[in-house]
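Okay, so here's the structure we're looking at.
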Amino acid sequence: MKISNRDWVNLSSYLDGELKPTELNKFEERLKNEPVLQHALEELRQTKRTLAHTPTLRVPRNFILTPAMVGLKSRPRLVKGYRLASALMTFLLIGVMVLDFGRGFVSGSMAPAAPKEIMLEAVSDAAEDVLEEPALMEAESEMESDRALSEADAPLEEAATTAEAAAEEMDEEESEGFAQEQGTKSGAEEAGDSATNQAEEWQEEETAEEVAEEVEAPSQALGTEIPGTPISEPPTPEYYPDEEIHSVERTTSFNSFRILEIILGMAAITFGIAAWVIRRRESR
Amino acid sequence: MMDLQDQIKKSMAGDLESFNQIILSFQSQIYNQAYRIIGEPDAAADATQEAFISAYKKLHTYRGGSFKSWLLRIVSNACYDEFRRRKRKPVVPLYPEGDDGDEIDSASWLEDPAEKPEDSLQRRELSEAIQYCLDRLEYEFRTIVVLVDIQGLDYASAAEITDRPLGTVKSRLARARNNLKDCLQGFKELLPHGLRHVGEA
């Protein structure tokens, strides 16, 4: 009697206890009555037992993994890169800080220049305000009309010539004052902070006097008949010392240095933290 | 000493050292599985190594359950890749042919004449006889019988590893056993005394 494929499947499943309960009862009944099935079951059992006794082979080598095998080799490179970047940012930060500090130290006398500058600006603003007042504007227009009339009048030409000479004298006085101011500044730098402060105080007083002279001088020099008109021309920025004008630029570069320092500092910290985090993950 | 779950957890966090501890625990079973499916030591070693690399990279896909079954599934896939590769590029047959072109029946030709330790000879011959018979099975039949009868897994685990329905596993296992029974009768002199009466029953 030949055993069907279905019976072989049932025999195999019966051997492993994988037959369903409904199938199990039926199959056990057949097993009792059919010696062929019993014989086949015994053969399968022996086969299963033989396979269970299959010798275990010794492994030819260990199969442990290295970082390179699983693509972890790039991580140390990444850590090195982040560390290098962090160090570079730190060095740059130190360099920028030294440069910033050096600039502040060399031009230390420029620091207190701000109040003086404000004062000068206030004075010049006041002079401009005075010029822009309606009464003064009217006086100025009257002065211009008088000038037009005087052009046709020969005797008055002498007065005009006198006024021009007076204006030239005024320019010379202003130039001398400016030169004195420059000399004071260079001296103050050499003498140190205390001398600088004294020179600045003196300079401030002198500058105030100069400005006052500037306001009064034109009317005196011109010798015009305009009563109560202090000046004929507004003060121009060219009278300001160069250092005071540049101090505005210095403020801008000062801010640039600060921004650069902040950026470099943040970059250095970020790269450092990134390297630390990666390293920590690897060490887990 | 850490238990397996701790090692798995640490390995998932990227700790290669913990995963290597797992490898040391399972490498024998995995290599034997690969060898019984492929039947060639070097190819089995390659498949085992590939399986462990793949397992480490796919650790995030492990969702609990039997870790051994999970590893066996990966190594079975690696073996299947190797099997297909060998099918495309046939290698020199492992079993020598006789003068008439037929393969020599006994697997004892694998015996190394230089190595004659009596206690290990029979063991080696049995191993080779079983391998000889396994190699005559179709790939999927072989995989299932190795999983159930050599690795000792149940039908459900075998079905999960091979990604086949339970009924298919049952029928293929039955056919595989039936074929193995017939094949092993040719090597009954190599079988241990307790197993020799297979063909005599």
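Following the order of the structure tokens, first chain is A, next is B, and so on, with residues numbered from 1 inside each chain and ligands from 1 in the order they appear.
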Determine, counting only C-alpha atoms, which protein, DNA and RNA residues have an atom within 9 Å of an atom of B:Thr48; residues of the same chain fewer than 2 positions away are not included. Present the result as an mmCIF file with C-alpha atoms, in the first residue's frame.
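Heads up, here's the output in around-v4.cif:
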```
data_model
loop_
_atom_site.group_PDB
_atom_site.id
_atom_site.type_symbol
_atom_site.label_atom_id
_atom_site.label_comp_id
_atom_site.auth_asym_id
_atom_site.auth_seq_id
_atom_site.Cartn_x
_atom_site.Cartn_y
_atom_site.Cartn_z
ATOM 1 C CA PHE A 63 32.465 37.002 12.990
ATOM 2 C CA GLN B 27 27.713 32.795 15.580
ATOM 3 C CA ILE B 30 24.131 31.079 12.431
ATOM 4 C CA TYR B 31 27.192 29.645 10.742
ATOM 5 C CA GLN B 33 22.520 27.269 9.504
ATOM 6 C CA ALA B 34 24.402 28.907 6.625
ATOM 7 C CA TYR B 35 26.611 25.892 6.104
ATOM 8 C CA ALA B 43 30.517 30.641 1.194
ATOM 9 C CA ALA B 44 28.803 29.889 4.511
ATOM 10 C CA ALA B 45 31.349 32.042 6.342
ATOM 11 C CA ASP B 46 30.791 34.877 3.898
ATOM 12 C CA GLU B 50 27.106 39.420 5.673
ATOM 13 C CA ALA B 51 24.197 38.382 7.852
ATOM 14 C CA PHE B 52 25.747 39.908 10.991
ATOM 15 C CA ILE B 53 26.607 43.127 9.194
ATOM 16 C CA VAL B 75 21.062 34.593 7.487
ATOM 17 C CA ALA B 78 21.913 36.006 2.934
ATOM 18 C CA CYS B 79 22.139 32.325 2.032
#
```
request  = Write out as a VMD selection string the residues lying within 10 Å of A:Val70, counting only C-alpha atoms and excluding same-chain residues fewer than 3 positions away.
outcome  = (chain A and resid 65 to 67 73) or (chain B and resid 16 52 to 54 56 to 57)
request  = Quick one: pick out all alpha helix (DSSP H) residues within stretch 19-192 of chain B from a backbone DSSP run and write them as a PyMOL selection string.
outcome  = chain B and resi 19-38+41-57+67-88+118-134+139-145+155-162+166-184
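In this model, the gap between atom CA of A:Thr50 and atom CA of B:Ile22 comes to 29.0 Å.
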key: Check: which chain A residues lie within 6 Å of chain B using only C-alpha atoms, as a PyMOL selection string   = chain A and resi 8-9+12+43+46-47+51-52+54-55+59+63-64+284
Print the selection's residues with C-alpha atoms to a file, as a short mmCIF file (atom, residue, chain, number, x, y, z; two decimals), in the first residue's frame.
```
data_model
loop_
_atom_site.label_atom_id
_atom_site.label_comp_id
_atom_site.auth_asym_id
_atom_site.auth_seq_id
_atom_site.Cartn_x
_atom_site.Cartn_y
_atom_site.Cartn_z
CA TRP A 8 3.16 12.00 4.67
CA VAL A 9 2.21 15.55 5.68
CA SER A 12 5.25 14.64 9.72
CA GLU A 43 11.16 5.93 9.67
CA GLN A 46 14.46 8.09 13.03
CA THR A 47 15.20 10.61 10.31
CA LEU A 51 18.96 15.29 11.85
CA ALA A 52 18.71 16.40 15.46
CA THR A 54 23.67 16.64 13.21
CA PRO A 55 27.11 17.57 14.51
CA VAL A 59 33.09 28.20 13.31
CA PHE A 63 32.47 37.00 12.99
CA ILE A 64 32.74 40.05 15.23
CA ARG A 284 28.18 54.16 24.60
#
```
Residue with smallest distance to B:Ser25 - pool B:Lys68, B:Lys58, B:Lys9, B:Arg136, counting only C-alpha atoms =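 When distances to B:Ser25 are compared using only C-alpha atoms, the smallest one comes from B:Lys68.
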request  = Rounded to one decimal place, report the atom CA of B:Gln5-atom CA of B:Ile144 distance in Å.
outcome  =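 A separation of 27.1 Å between them.
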task = Identify, on the basis of only C-alpha atoms, every residue whose closest approach to A:Ala275 does not exceed 7 Å; exclude the query and any residue fewer than 2 positions from it along the same chain; express the result as an MDAnalysis selection string.
result = chainID A and resid 79 82:83 271:273 277:279
key: Minimum-distance residue to A:Leu57, chosen among B:Arg142, B:Arg84, B:Arg164, B:Gly39 (using only C-alpha atoms)   = B:Gly39
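The two atoms in question, atom CA of B:Ile161 and atom CA of B:Ile74, are spaced 8.2 Å apart.
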